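I have placed the structure first, in the form of structure tokens, so that the comments after it can refer back to it.
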Amino acid sequence: MMVAMEALFWVSVVLLVYTYAGYPALVWLLARLRPRRVDRRVQTPSVSVVMAVRNGAGELAAKLANLDLLDYPRAQVQIIVACDGCTDGSADVARGAGDARVQVLEFAARRGKAACLNDAVAAATGDVLLMTDVRQQFEPPALRALVANLADPLVGAAGGELQFRDADTGFAKSVDAYWRYEKFIRNAESRSGSTIGVTGAIYIMRRSLFTAIPAGTVLDDVLIPMQVARAGWRVVFEPAAVAWDWPSQEPAAERRRKVRTLAGNYQLVQLAPWLLAPWRNPLWLRFASHKLLRLLAPWLLLLMALSATVLAGQALIYAASLALLLASIAMTVMGRLLPTIGRWLPIRLTVAFFYMNLFAAQALVTFIGRRRLHLW
């Protein structure tokens, strides 16, 4: 039994270290030693902005006004607003914007974002698709910065950078810290080849590369770029294309969004099993390292804790590991109970790590329960 416990402990430790430190270090090293440059050039192809909306009337006017401020030729931009069973007058807001470039697709029945995206792209006329959500605001140069990447004949899609405003609480700062870590990985993936996902708030792609996604797809911002990569194109990260959002200030608000997103990873491999095949997925190692192992992490932590508890009396390394896990839990509790302490960087990182793994564990339960996962 002790031999089995030792094996479980070390397998868990190795996989956890690889997931959170080894893989980021690997892609960073590849980006340094074998960088793949992007031949960016100024260009202004026609662009179709694609935005699916579910009861977004309160934010839609501001979003359309923000799109009007983009530093891009107005005549080259088409805006498609797909209203998914909206009951708050979102379609009327879009039609009342006074912008002839805005085309409204209004669907009476609620079908989910993926179905709306497929219909919106079918109505698009631009050479380039700009995918976005209703909440986030773009910096004016964002579209030009993204489109410049498509001057490179090997690039099929480019994602922008999401930044947070008003990270006031300790938990919000934890979310921001985790997102900075995530962007570090995406930047390294891009500079060494391709990223395996983009932020759904701001990314572009060649319209000719769009393949309709299954109705009910949750992670369109992972499946669509993975389809682009599968077709032999690069998917890159453009930090100069900035969109602004607001982080969740408390765990309850973040939980709903993050659990649904993480559950979407389980759905993703169900809808597109080719993602699991190294001979069909050119980014298989990156996908497994960046997505799949993150889903496994909470269970690895649990195995590590259980095996360390059993082995604590056998050697110092096991006792120290158990003490570290307990200290991390204590730090998380302190960070939640004492807001001043919660702003310290070590506490922020510990809180972010704890909640991301808690949400990952809850995501499996959500996916198994199939609680209207695809409906926003």
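Each chain of the structure tokens is named A, B, ... in the order shown, its residues numbered from 1; ligands are numbered from 1 in display order.
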
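When the distance limit is 7 Å and only C-alpha atoms are what count, the residues near segment 352-365 of chain A, minus those fewer than 4 positions from it on the same chain, are A:Ser174, A:Val175, A:Tyr178, A:Arg255, A:Lys258, A:Val259, A:Arg260, A:Leu262, A:Ala263, A:Leu295, A:Ala297, A:Pro298, A:Arg348, A:Gly369.
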
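Remark: for Leu70 of chain A, the closest of the candidate residues A:Arg165, A:Arg144, A:Arg191, A:Arg234 is A:Arg144 (distances computed over only C-alpha atoms).
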
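Shell of segment 102-119 of chain A at 7 Å, with only C-alpha atoms counted and residues fewer than 5 places along the chain excluded, is Ala52, Gln78, Ile79, Ile80, Val81, Ala82, Cys83, Asp84, Gly85, Ala91, Ala94, Arg95, Ala212, Ile213, Ala215, Gly216, Thr217, Asp220, His374, Leu375 and Trp376 of chain A.
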
Convert the current residue selection to file output with C-alpha atoms, as a CSV table (one decimal), in the first residue's frame.
chain,number,residue,atom,x,y,z
A,52,ALA,CA,-24.4,37.5,-30.4
A,78,GLN,CA,-20.3,45.7,-41.3
A,79,ILE,CA,-21.8,45.1,-37.9
A,80,ILE,CA,-24.1,42.1,-37.3
A,81,VAL,CA,-26.1,41.9,-34.1
A,82,ALA,CA,-27.7,38.5,-33.5
A,83,CYS,CA,-30.4,38.7,-30.8
A,84,ASP,CA,-30.9,35.3,-29.2
A,85,GLY,CA,-34.5,35.2,-28.0
A,91,ALA,CA,-33.0,44.4,-31.3
A,94,ALA,CA,-29.5,48.0,-32.3
A,95,ARG,CA,-31.9,49.3,-34.9
A,212,ALA,CA,-19.9,26.2,-38.6
A,213,ILE,CA,-19.7,25.0,-35.0
A,215,ALA,CA,-25.2,24.1,-31.9
A,216,GLY,CA,-24.8,24.3,-28.2
A,217,THR,CA,-21.0,24.8,-28.3
A,220,ASP,CA,-16.6,28.8,-29.4
A,374,HIS,CA,-25.2,25.9,-23.8
A,375,LEU,CA,-27.6,28.6,-22.9
A,376,TRP,CA,-25.5,31.6,-22.0

Write out, as CSV, each residue of segment 248-350 of chain A that has an atom at most 12 Å from segment 25-45 of chain A, together with the closest pair of atoms and their distance in Å to one decimal, counting only C-alpha atoms, rows going by chain and rising number.
residue,atom,partner,partner_atom,distance
A:Leu285,CA,A:Val27,CA,10.9
A:Arg286,CA,A:Val27,CA,8.9
A:Ser289,CA,A:Leu26,CA,10.6
A:His290,CA,A:Val27,CA,10.7

| request: Could you tell me how far atom CA of Gly156 of chain A lies from atom CA of Ser194 of chain A, in Å and to one decimal? | output: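 Atom CA of Ser194 of chain A lies at a distance of 10.2 Å from atom CA of Gly156 of chain A.
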
| request: Any chance you could list, as a ChimeraX atom specification, the residues in segment 152-295 of chain A that come up strand (DSSP E or B) when DSSP is run on the backbone? | output: /A:155-164,202-206,234-245

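Using only C-alpha atoms, the nearest neighbour of Leu300 of chain A within the list A:Ile317, A:Val11, A:Ala231, A:Ala177 is A:Val11.
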
| said: I'd like to know which residues of segment 40-260 of chain A are alpha helix (DSSP H) (by DSSP, run on the backbone); could you write them as number ranges by chain? | reply: A: 57-68, 90-95, 113-123, 142-148, 170-192, 220-230, 251-260

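In terms of minimum interatomic distance to Gly160 of chain A, A:Ala240 ranks closest within A:Ala124, A:Ala100, A:Ala240, A:Ile224, counting only C-alpha atoms.
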
| message | I want to know what sits within 8 Å of Thr350 of chain A, based on only C-alpha atoms, with residues of the same chain fewer than 5 positions away left out; could you give that as a ChimeraX atom specification? | response | /A:328,331-332
